[in-house]
Structures are given as C-alpha cells and as structure tokens.
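entry_3.cif follows (mmCIF, C-alpha atoms):
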data_final
#
loop_
_atom_site.label_atom_id
_atom_site.label_comp_id
_atom_site.auth_asym_id
_atom_site.auth_seq_id
_atom_site.Cartn_x
_atom_site.Cartn_y
_atom_site.Cartn_z
CA MET M 335 153.66 149.83 121.50
CA LYS M 336 150.17 148.30 121.51
CA THR M 337 147.20 150.64 121.80
CA PRO M 338 145.03 149.53 124.75
CA ILE M 339 141.63 148.07 123.93
CA PHE M 340 140.33 150.40 126.64
CA THR M 341 141.64 152.46 129.54
CA GLY M 342 139.77 152.90 132.79
CA ALA M 343 137.03 150.57 134.00
CA CYS M 344 135.37 147.73 132.09
CA VAL M 345 132.40 145.98 133.64
CA ALA M 346 132.50 142.17 133.72
CA ILE M 347 128.76 142.07 133.24
CA VAL M 348 126.48 139.36 134.64
CA THR M 349 124.21 137.24 132.44
CA PRO M 350 120.62 137.48 133.74
CA TYR M 351 118.37 134.46 133.29
CA ASN M 352 114.69 133.71 133.62
CA GLU M 353 112.72 130.49 133.26
CA ASN M 354 113.12 130.63 129.47
CA GLY M 355 116.89 131.11 129.37
CA ILE M 356 118.87 134.34 129.00
CA ASP M 357 116.74 137.35 129.93
CA PHE M 358 117.74 139.61 127.07
CA ASP M 359 115.44 142.43 128.18
CA LYS M 360 117.17 142.55 131.57
CA LEU M 361 120.60 142.22 129.94
CA GLY M 362 119.74 145.22 127.79
CA GLU M 363 118.77 147.22 130.89
CA LEU M 364 122.06 146.35 132.55
CA ILE M 365 124.07 147.30 129.48
CA GLU M 366 122.35 150.68 129.25
CA LEU M 367 122.87 151.24 132.99
CA GLN M 368 126.58 150.60 132.59
CA ILE M 369 126.94 152.89 129.58
CA ALA M 370 124.99 155.65 131.38
CA GLY M 371 127.27 155.11 134.40
CA GLY M 372 130.34 155.78 132.29
CA THR M 373 131.83 152.34 131.69
CA ASN M 374 134.80 152.37 129.32
CA ALA M 375 134.10 148.87 127.97
CA ILE M 376 131.89 145.83 128.54
CA THR M 377 133.03 142.24 128.97
CA ILE M 378 130.25 139.81 128.10
CA CYS M 379 130.43 136.11 129.01
CA GLY M 380 133.45 136.41 131.26
CA THR M 381 133.71 134.50 134.53
CA THR M 382 131.12 136.79 136.14
CA GLY M 383 128.83 136.09 133.18
CA GLU M 384 129.05 132.37 134.01
CA CYS M 385 130.29 131.37 130.57
CA SER M 386 131.53 128.00 131.84
CA THR M 387 127.92 126.92 132.44
CA MET M 388 126.50 128.26 129.16
CA THR M 389 126.00 126.36 125.93
CA ASP M 390 127.91 127.69 122.94
CA GLU M 391 124.61 128.83 121.45
CA GLU M 392 123.72 130.83 124.57
CA GLN M 393 127.19 132.33 124.78
CA LEU M 394 127.25 133.46 121.17
CA ALA M 395 123.69 134.80 121.40
CA ALA M 396 124.66 136.91 124.43
CA ILE M 397 127.75 138.23 122.64
CA LYS M 398 125.82 139.10 119.47
CA TYR M 399 123.04 140.81 121.43
CA THR M 400 125.57 142.89 123.37
CA VAL M 401 127.53 143.90 120.27
CA ASP M 402 124.38 144.97 118.46
CA LEU M 403 122.94 146.91 121.40
CA VAL M 404 126.19 148.66 122.31
CA ASN M 405 126.66 149.61 118.65
CA HIS M 406 130.27 150.86 119.01
CA ARG M 407 129.54 153.19 121.94
CA VAL M 408 132.20 151.36 123.96
CA PRO M 409 134.38 148.32 123.14
CA VAL M 410 132.78 144.91 123.68
CA ILE M 411 135.13 142.19 124.93
CA ALA M 412 133.82 138.66 124.49
CA GLY M 413 134.74 135.82 126.83
CA ALA M 414 135.72 132.99 124.50
CA GLY M 415 138.22 130.86 126.40
CA SER M 416 138.19 127.12 126.96
CA ASN M 417 140.40 124.41 128.41
CA ASP M 418 140.08 122.65 125.03
CA THR M 419 142.18 124.45 122.42
CA ASP M 420 140.05 123.36 119.46
CA HIS M 421 136.88 124.43 121.25
CA GLY M 422 138.49 127.74 122.20
CA CYS M 423 139.53 128.35 118.60
CA ALA M 424 135.98 127.75 117.40
CA LEU M 425 134.53 130.09 120.05
CA ALA M 426 137.13 132.73 119.27
CA ALA M 427 136.31 132.68 115.56
CA LYS M 428 132.54 132.75 116.15
CA SER M 429 132.79 135.50 118.78
CA ALA M 430 134.83 137.62 116.39
CA ALA M 431 132.24 136.99 113.69
CA CYS M 432 129.58 138.36 116.08
CA GLY M 433 131.42 141.69 115.93
CA ALA M 434 133.26 141.70 119.26
CA ASP M 435 136.08 144.22 119.51
CA ALA M 436 138.35 141.89 121.48
CA LEU M 437 138.44 138.50 123.17
CA LEU M 438 139.05 137.55 126.80
CA LEU M 439 140.77 134.15 126.91
CA VAL M 440 141.20 132.35 130.23
CA THR M 441 143.99 129.90 130.97
CA PRO M 442 143.01 126.26 130.30
CA TYR M 443 141.52 125.32 133.67
CA TYR M 444 142.01 121.90 135.26
CA ASN M 445 144.44 120.66 132.58
CA LYS M 446 147.47 122.43 134.10
CA THR M 447 149.43 122.62 130.86
CA SER M 448 153.10 123.63 130.70
CA GLN M 449 154.10 127.25 130.15
CA ALA M 450 155.08 126.38 126.57
CA GLY M 451 151.64 124.81 126.20
CA LEU M 452 150.08 128.08 127.34
CA VAL M 453 151.88 129.95 124.58
CA ALA M 454 150.68 127.45 121.98
CA HIS M 455 147.12 127.50 123.38
CA PHE M 456 146.73 131.27 123.42
CA THR M 457 148.47 131.70 120.07
CA ALA M 458 146.12 129.26 118.36
CA MET M 459 143.01 130.95 119.78
CA ALA M 460 144.25 134.46 119.01
CA GLU M 461 144.93 133.52 115.41
CA ALA M 462 141.57 131.77 115.09
CA GLY M 463 139.78 134.90 116.27
CA GLY M 464 141.89 137.36 114.32
CA ILE M 465 141.06 140.26 116.68
CA PRO M 466 142.88 141.64 119.75
CA VAL M 467 143.10 139.37 122.78
CA ILE M 468 143.35 139.86 126.54
CA VAL M 469 144.64 136.72 128.26
CA TYR M 470 143.14 136.09 131.68
CA ASN M 471 145.33 134.91 134.54
CA VAL M 472 143.24 133.70 137.48
CA PRO M 473 145.12 130.80 139.10
CA SER M 474 142.78 130.60 142.10
CA ARG M 475 140.06 129.38 139.74
CA THR M 476 142.06 127.54 137.07
CA GLY M 477 144.93 126.03 139.05
CA LEU M 478 147.45 127.45 136.58
CA ASN M 479 149.51 130.64 136.67
CA ILE M 480 150.85 132.55 133.67
CA ALA M 481 154.49 133.16 134.55
CA PRO M 482 155.93 136.63 133.79
CA GLU M 483 158.35 135.09 131.29
CA THR M 484 155.39 133.47 129.52
CA ALA M 485 153.59 136.80 129.47
CA LYS M 486 156.66 138.26 127.77
CA GLU M 487 156.59 135.53 125.13
CA LEU M 488 152.88 136.08 124.55
CA SER M 489 153.41 139.84 124.24
CA LYS M 490 155.43 139.26 121.08
CA HIS M 491 152.28 138.20 119.22
CA PRO M 492 150.62 141.17 117.48
CA LEU M 493 147.10 140.08 118.47
CA ILE M 494 147.84 139.48 122.16
CA ASN M 495 147.16 142.97 123.42
CA GLY M 496 146.78 142.64 127.17
CA ILE M 497 146.56 140.53 130.31
CA LYS M 498 143.85 140.53 132.97
CA GLU M 499 145.91 139.86 136.09
CA ALA M 500 143.99 138.24 138.96
CA SER M 501 146.82 136.31 140.56
CA GLY M 502 146.76 138.63 143.57
CA ASN M 503 150.55 138.82 143.39
CA ILE M 504 151.61 142.45 142.93
CA GLY M 505 155.26 141.37 142.70
CA GLN M 506 154.34 139.25 139.68
CA VAL M 507 152.48 142.17 138.10
CA ALA M 508 155.58 144.35 138.58
CA LYS M 509 157.72 141.75 136.84
CA ILE M 510 155.27 141.48 133.92
CA ALA M 511 155.32 145.25 133.56
CA ALA M 512 159.12 145.30 133.61
CA LEU M 513 159.47 142.48 131.08
CA CYS M 514 156.72 143.48 128.66
CA GLY M 515 156.57 147.27 128.81
CA ASP M 516 154.16 148.74 126.26
CA GLU M 517 153.81 145.45 124.39
CA LEU M 518 151.29 144.04 126.89
CA ASN M 519 148.59 146.19 128.48
CA ILE M 520 147.91 145.14 132.07
CA TYR M 521 144.42 145.19 133.58
CA SER M 522 143.50 144.35 137.14
CA GLY M 523 141.16 141.41 137.62
CA ASN M 524 140.78 142.26 141.31
CA ASP M 525 138.87 145.40 142.29
CA ASP M 526 140.87 145.74 145.49
CA GLN M 527 144.22 145.90 143.67
CA VAL M 528 143.50 148.55 141.06
CA VAL M 529 145.55 151.33 142.66
CA PRO M 530 148.82 149.40 143.05
CA LEU M 531 148.41 147.97 139.55
CA LEU M 532 147.90 151.44 138.08
CA SER M 533 151.05 152.59 139.86
CA LEU M 534 152.93 149.94 137.88
CA GLY M 535 151.62 151.25 134.56
CA GLY M 536 148.38 149.26 134.36
CA LYS M 537 145.66 150.52 132.07
CA GLY M 538 142.60 149.82 134.19
CA VAL M 539 140.32 147.18 135.67
CA ILE M 540 137.86 144.57 134.45
CA SER M 541 135.48 145.01 137.35
CA VAL M 542 132.90 142.88 139.13
CA VAL M 543 131.90 145.64 141.56
CA SER M 544 130.70 147.71 138.59
CA ASN M 545 127.66 145.44 138.35
CA VAL M 546 126.41 146.82 141.67
CA LYS M 547 127.77 150.38 141.74
CA PRO M 548 128.99 151.43 138.28
CA GLU M 549 129.28 155.09 139.28
CA LEU M 550 131.79 154.22 142.03
CA VAL M 551 134.16 152.47 139.65
CA HIS M 552 133.80 154.59 136.56
#
I need this file expressed as structure tokens, please.
Amino acid sequence: MKTPIFTGACVAIVTPYNENGIDFDKLGELIELQIAGGTNAITICGTTGECSTMTDEEQLAAIKYTVDLVNHRVPVIAGAGSNDTDHGCALAAKSAACGADALLLVTPYYNKTSQAGLVAHFTAMAEAGGIPVIVYNVPSRTGLNIAPETAKELSKHPLINGIKEASGNIGQVAKIAALCGDELNIYSGNDDQVVPLLSLGGKGVISVVSNVKPELVH
C-alpha cells in the first residue's frame, strides 16, 4: 500500500506574470489564498501553470519560491514532465533539489511513444527525481493515453505513487482501480468527474476551479 501524497483537493495553481516575468508577489498572494481556503496540496508549474511555455530557469524559480513560501504547510507537487526523457530527468532532479514533495509528470506529448516506452520514460524520470511521482494522463492534450495495463506496470515502481486521470473515461478509471488497488493512488484531473472517481476509490482532485473559488472545492 502506498500512502497518498495528499487526499482531498490540490490546486493546480496558475503562474502570474507581469512585464518583468513571473510576478512572485502575486504568486505569493495566490498561494496564501489557497492555504487559507483549505487546500490540501499545491501543484506548481502544471498544465494550468503553463509550464510548457516557461524556460527551465523560470520553472525552477517558481518551484523554489513555492516550496520556500509554503514551508511544509501542505505538500508541494512540482510539474516536471517533458516529451524529451533526458530533459524530463534533468527537470525532475532539479525540482526535487528545490525541495518539492512530489513530481507531476505528464505523458510525452506529440511523440506518441509505445506503452512500453511510457514505462521506460516515467521510470527514468522517477529515478532521476528520487521523490514520489504522480503520472499525468491527459490524452486530449498529449495525443497519448496511459492504458490501464501500463498503469499497473508503473504501479510496481516504489516511487510512482499516483496517477492524475484526465482521460474523461470513467470505465478506464475503474479498470485502473481494479488492476492497481492501493499501489496507485488515483486523482481526478477533471473537476466535473470528482464524485464518480471518488466512488471508485480515488483520493481526490488536482483542481483548476480552485484557482477561482478555493472554498468551493476544499
């Protein structure tokens, strides 16, 4: 059994910018708003944080700032995925060195690797980071689905703790739950599917809506 990184609602926080780059003062305000609103965790530099358009330096600066400001009040999950395995490994290691509690690793977008390739990709990044990992399945954005059987294979790795499921396919989520049991914690990546996912044993949601109304989600 793998202890969940969090249970409940985790905000997929935005990355505010101004004319000089990341607006760290505004990011700090948003973080404090979320903690006051009762968030159970914070994901920084996920899809909602626009990590795919950030430089590595910006991404790591945002992660480090968030880790330092949160100061262990809630877990900080750092988006560190890439469609380039070597690049993802480097980001995973550097994000872990910033003090993140866990990593969120998206499927390698555009490349459409095989399912065996997915296992190799996620395994390499998890081991490079050396901290717990949530793999992120969002085929509508990446063009690639993590099959339930692949999720089962990934669940065997001690560092692969969970999956953020945004396929929109509740039948697939049910199969992942049946195959993986307590060895892979399931989180909803879609705010509108939290209830059915929880009914299948899911542990919570990584939420976009929390950015607007944290009190409604938490």
Region 463-477 of chain M environment, 9 Å, only C-alpha atoms, sequence neighbours closer than 3 positions dropped, as a PyMOL selection string
chain M and resi 339+411+415+423-431+434-446+456+458-460+480+492-502+518-521+523
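Rounded to one decimal, CA of Pro530 (chain M) and CA of Ile504 (chain M) lie 7.5 Å from each other.
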As a check of understanding: the span from CA of Glu392 (chain M) to CA of Leu364 (chain M) is 17.5 Å
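Rounded to one decimal, CA of Lys509 (chain M) and CA of Asn417 (chain M) lie 25.9 Å from each other.
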Pick the closest to Gly380 (chain M) from M:Lys486, M:Asp359, M:Ala414, M:Val401: which is it, counting only C-alpha atoms?
M:Ala414
Selection near Gly538 (chain M), 7 Å with all atoms listed in the file, sequence-local residues under 3 positions removed, as a ChimeraX atom specification
/M:341-343,521-522,532
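Residue nearest Ala375 (chain M) within the list M:Met388, M:Val408, M:Leu403, M:Leu534: M:Val408 [criterion: smallest interatomic distance, only C-alpha atoms].
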Given the choices M:Lys398, M:Thr381, M:Gly372, M:Thr457, which gets closest to Phe358 (chain M) if the distance is worked out from only C-alpha atoms?
M:Lys398
Here is a test: counting all atoms listed in the file, which residue of M:Asn374, M:Asn524, M:Asp420, M:Lys490 is nearest to Val404 (chain M)?
M:Asn374
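In terms of minimum interatomic distance to Cys379 (chain M), M:Ala412 ranks closest within M:Ser489, M:Ala412, M:Ala462, M:Asn405, counting all atoms listed in the file.
Counting only C-alpha atoms, the residue from M:Val345, M:Ala396, M:Gly362, M:Val453 that sits nearest to Pro409 (chain M) is M:Val345.
Around Ile510 (chain M), within 8 Å and counting only C-alpha atoms, the residues found are M:Pro482, M:Glu483, M:Ala485, M:Lys486, M:Gln506, M:Cys514, M:Gly515, once anything fewer than 4 positions away on its own chain is removed.
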Selection file, C-alpha atoms, as a compact mmCIF listing (two decimals), in the coordinates of the input:
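Result went into out15.txt, see below:
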# COMPACT_ATOMS: atom_id res chain seq x y z
CA PRO M 482 155.93 136.63 133.79
CA GLU M 483 158.35 135.09 131.29
CA ALA M 485 153.59 136.80 129.47
CA LYS M 486 156.66 138.26 127.77
CA GLN M 506 154.34 139.25 139.68
CA CYS M 514 156.72 143.48 128.66
CA GLY M 515 156.57 147.27 128.81
Mind checking which residues fall within 9 Å of Ala508 (chain M), counting only C-alpha atoms, ignoring those fewer than 5 positions away in the same chain, and posting them as a ChimeraX atom specification?
/M:503,513,531,534-535
Radius query 12 Å about (127.3, 151.3, 131.4), atoms used: all atoms listed in the file, as a PDB file with C-alpha atoms, in the coordinates of the input:
ATOM      1  CA  ALA M 343     137.030 150.570 134.000  1.00  0.00           C
ATOM      2  CA  CYS M 344     135.370 147.730 132.090  1.00  0.00           C
ATOM      3  CA  VAL M 345     132.400 145.980 133.640  1.00  0.00           C
ATOM      4  CA  ALA M 346     132.500 142.170 133.720  1.00  0.00           C
ATOM      5  CA  ILE M 347     128.760 142.070 133.240  1.00  0.00           C
ATOM      6  CA  LEU M 361     120.600 142.220 129.940  1.00  0.00           C
ATOM      7  CA  GLY M 362     119.740 145.220 127.790  1.00  0.00           C
ATOM      8  CA  GLU M 363     118.770 147.220 130.890  1.00  0.00           C
ATOM      9  CA  LEU M 364     122.060 146.350 132.550  1.00  0.00           C
ATOM     10  CA  ILE M 365     124.070 147.300 129.480  1.00  0.00           C
ATOM     11  CA  GLU M 366     122.350 150.680 129.250  1.00  0.00           C
ATOM     12  CA  LEU M 367     122.870 151.240 132.990  1.00  0.00           C
ATOM     13  CA  GLN M 368     126.580 150.600 132.590  1.00  0.00           C
ATOM     14  CA  ILE M 369     126.940 152.890 129.580  1.00  0.00           C
ATOM     15  CA  ALA M 370     124.990 155.650 131.380  1.00  0.00           C
ATOM     16  CA  GLY M 371     127.270 155.110 134.400  1.00  0.00           C
ATOM     17  CA  GLY M 372     130.340 155.780 132.290  1.00  0.00           C
ATOM     18  CA  THR M 373     131.830 152.340 131.690  1.00  0.00           C
ATOM     19  CA  ASN M 374     134.800 152.370 129.320  1.00  0.00           C
ATOM     20  CA  ALA M 375     134.100 148.870 127.970  1.00  0.00           C
ATOM     21  CA  ILE M 376     131.890 145.830 128.540  1.00  0.00           C
ATOM     22  CA  THR M 377     133.030 142.240 128.970  1.00  0.00           C
ATOM     23  CA  THR M 400     125.570 142.890 123.370  1.00  0.00           C
ATOM     24  CA  LEU M 403     122.940 146.910 121.400  1.00  0.00           C
ATOM     25  CA  VAL M 404     126.190 148.660 122.310  1.00  0.00           C
ATOM     26  CA  ARG M 407     129.540 153.190 121.940  1.00  0.00           C
ATOM     27  CA  VAL M 408     132.200 151.360 123.960  1.00  0.00           C
ATOM     28  CA  PRO M 409     134.380 148.320 123.140  1.00  0.00           C
ATOM     29  CA  VAL M 410     132.780 144.910 123.680  1.00  0.00           C
ATOM     30  CA  SER M 541     135.480 145.010 137.350  1.00  0.00           C
ATOM     31  CA  SER M 544     130.700 147.710 138.590  1.00  0.00           C
ATOM     32  CA  ASN M 545     127.660 145.440 138.350  1.00  0.00           C
ATOM     33  CA  VAL M 546     126.410 146.820 141.670  1.00  0.00           C
ATOM     34  CA  LYS M 547     127.770 150.380 141.740  1.00  0.00           C
ATOM     35  CA  PRO M 548     128.990 151.430 138.280  1.00  0.00           C
ATOM     36  CA  GLU M 549     129.280 155.090 139.280  1.00  0.00           C
ATOM     37  CA  LEU M 550     131.790 154.220 142.030  1.00  0.00           C
ATOM     38  CA  VAL M 551     134.160 152.470 139.650  1.00  0.00           C
ATOM     39  CA  HIS M 552     133.800 154.590 136.560  1.00  0.00           C
TER      40      HIS M 552
END
Atoms added to region 523-534 of chain M (N, CA, C and O atoms), reported as a CSV table (one decimal), keeping the file's coordinate frame:
chain,number,residue,atom,x,y,z
M,523,GLY,N,142.3,142.3,137.5
M,523,GLY,CA,141.2,141.4,137.6
M,523,GLY,C,140.6,141.4,139.0
M,523,GLY,O,139.6,140.7,139.3
M,524,ASN,N,141.2,142.2,139.9
M,524,ASN,CA,140.8,142.3,141.3
M,524,ASN,C,140.5,143.7,141.6
M,524,ASN,O,141.4,144.6,141.5
M,525,ASP,N,139.2,144.0,142.0
M,525,ASP,CA,138.9,145.4,142.3
M,525,ASP,C,139.7,146.0,143.4
M,525,ASP,O,139.9,147.2,143.4
M,526,ASP,N,140.1,145.2,144.4
M,526,ASP,CA,140.9,145.7,145.5
M,526,ASP,C,142.4,146.0,145.2
M,526,ASP,O,143.1,146.4,146.1
M,527,GLN,N,142.8,145.7,144.0
M,527,GLN,CA,144.2,145.9,143.7
M,527,GLN,C,144.4,146.9,142.5
M,527,GLN,O,145.5,146.9,141.9
M,528,VAL,N,143.4,147.6,142.2
M,528,VAL,CA,143.5,148.6,141.1
M,528,VAL,C,144.6,149.6,141.3
M,528,VAL,O,145.4,149.9,140.4
M,529,VAL,N,144.6,150.2,142.4
M,529,VAL,CA,145.6,151.3,142.7
M,529,VAL,C,147.0,150.9,142.5
M,529,VAL,O,147.8,151.5,141.8
M,530,PRO,N,147.4,149.8,143.2
M,530,PRO,CA,148.8,149.4,143.0
M,530,PRO,C,149.1,149.0,141.6
M,530,PRO,O,150.2,149.2,141.1
M,531,LEU,N,148.2,148.4,140.9
M,531,LEU,CA,148.4,148.0,139.6
M,531,LEU,C,148.6,149.2,138.7
M,531,LEU,O,149.5,149.2,137.8
M,532,LEU,N,147.8,150.2,138.9
M,532,LEU,CA,147.9,151.4,138.1
M,532,LEU,C,149.3,152.1,138.3
M,532,LEU,O,149.8,152.7,137.4
M,533,SER,N,149.8,152.0,139.5
M,533,SER,CA,151.0,152.6,139.9
M,533,SER,C,152.2,151.9,139.1
M,533,SER,O,153.3,152.5,139.0
M,534,LEU,N,151.9,150.7,138.6
M,534,LEU,CA,152.9,149.9,137.9
M,534,LEU,C,152.7,150.1,136.4
M,534,LEU,O,153.4,149.4,135.6
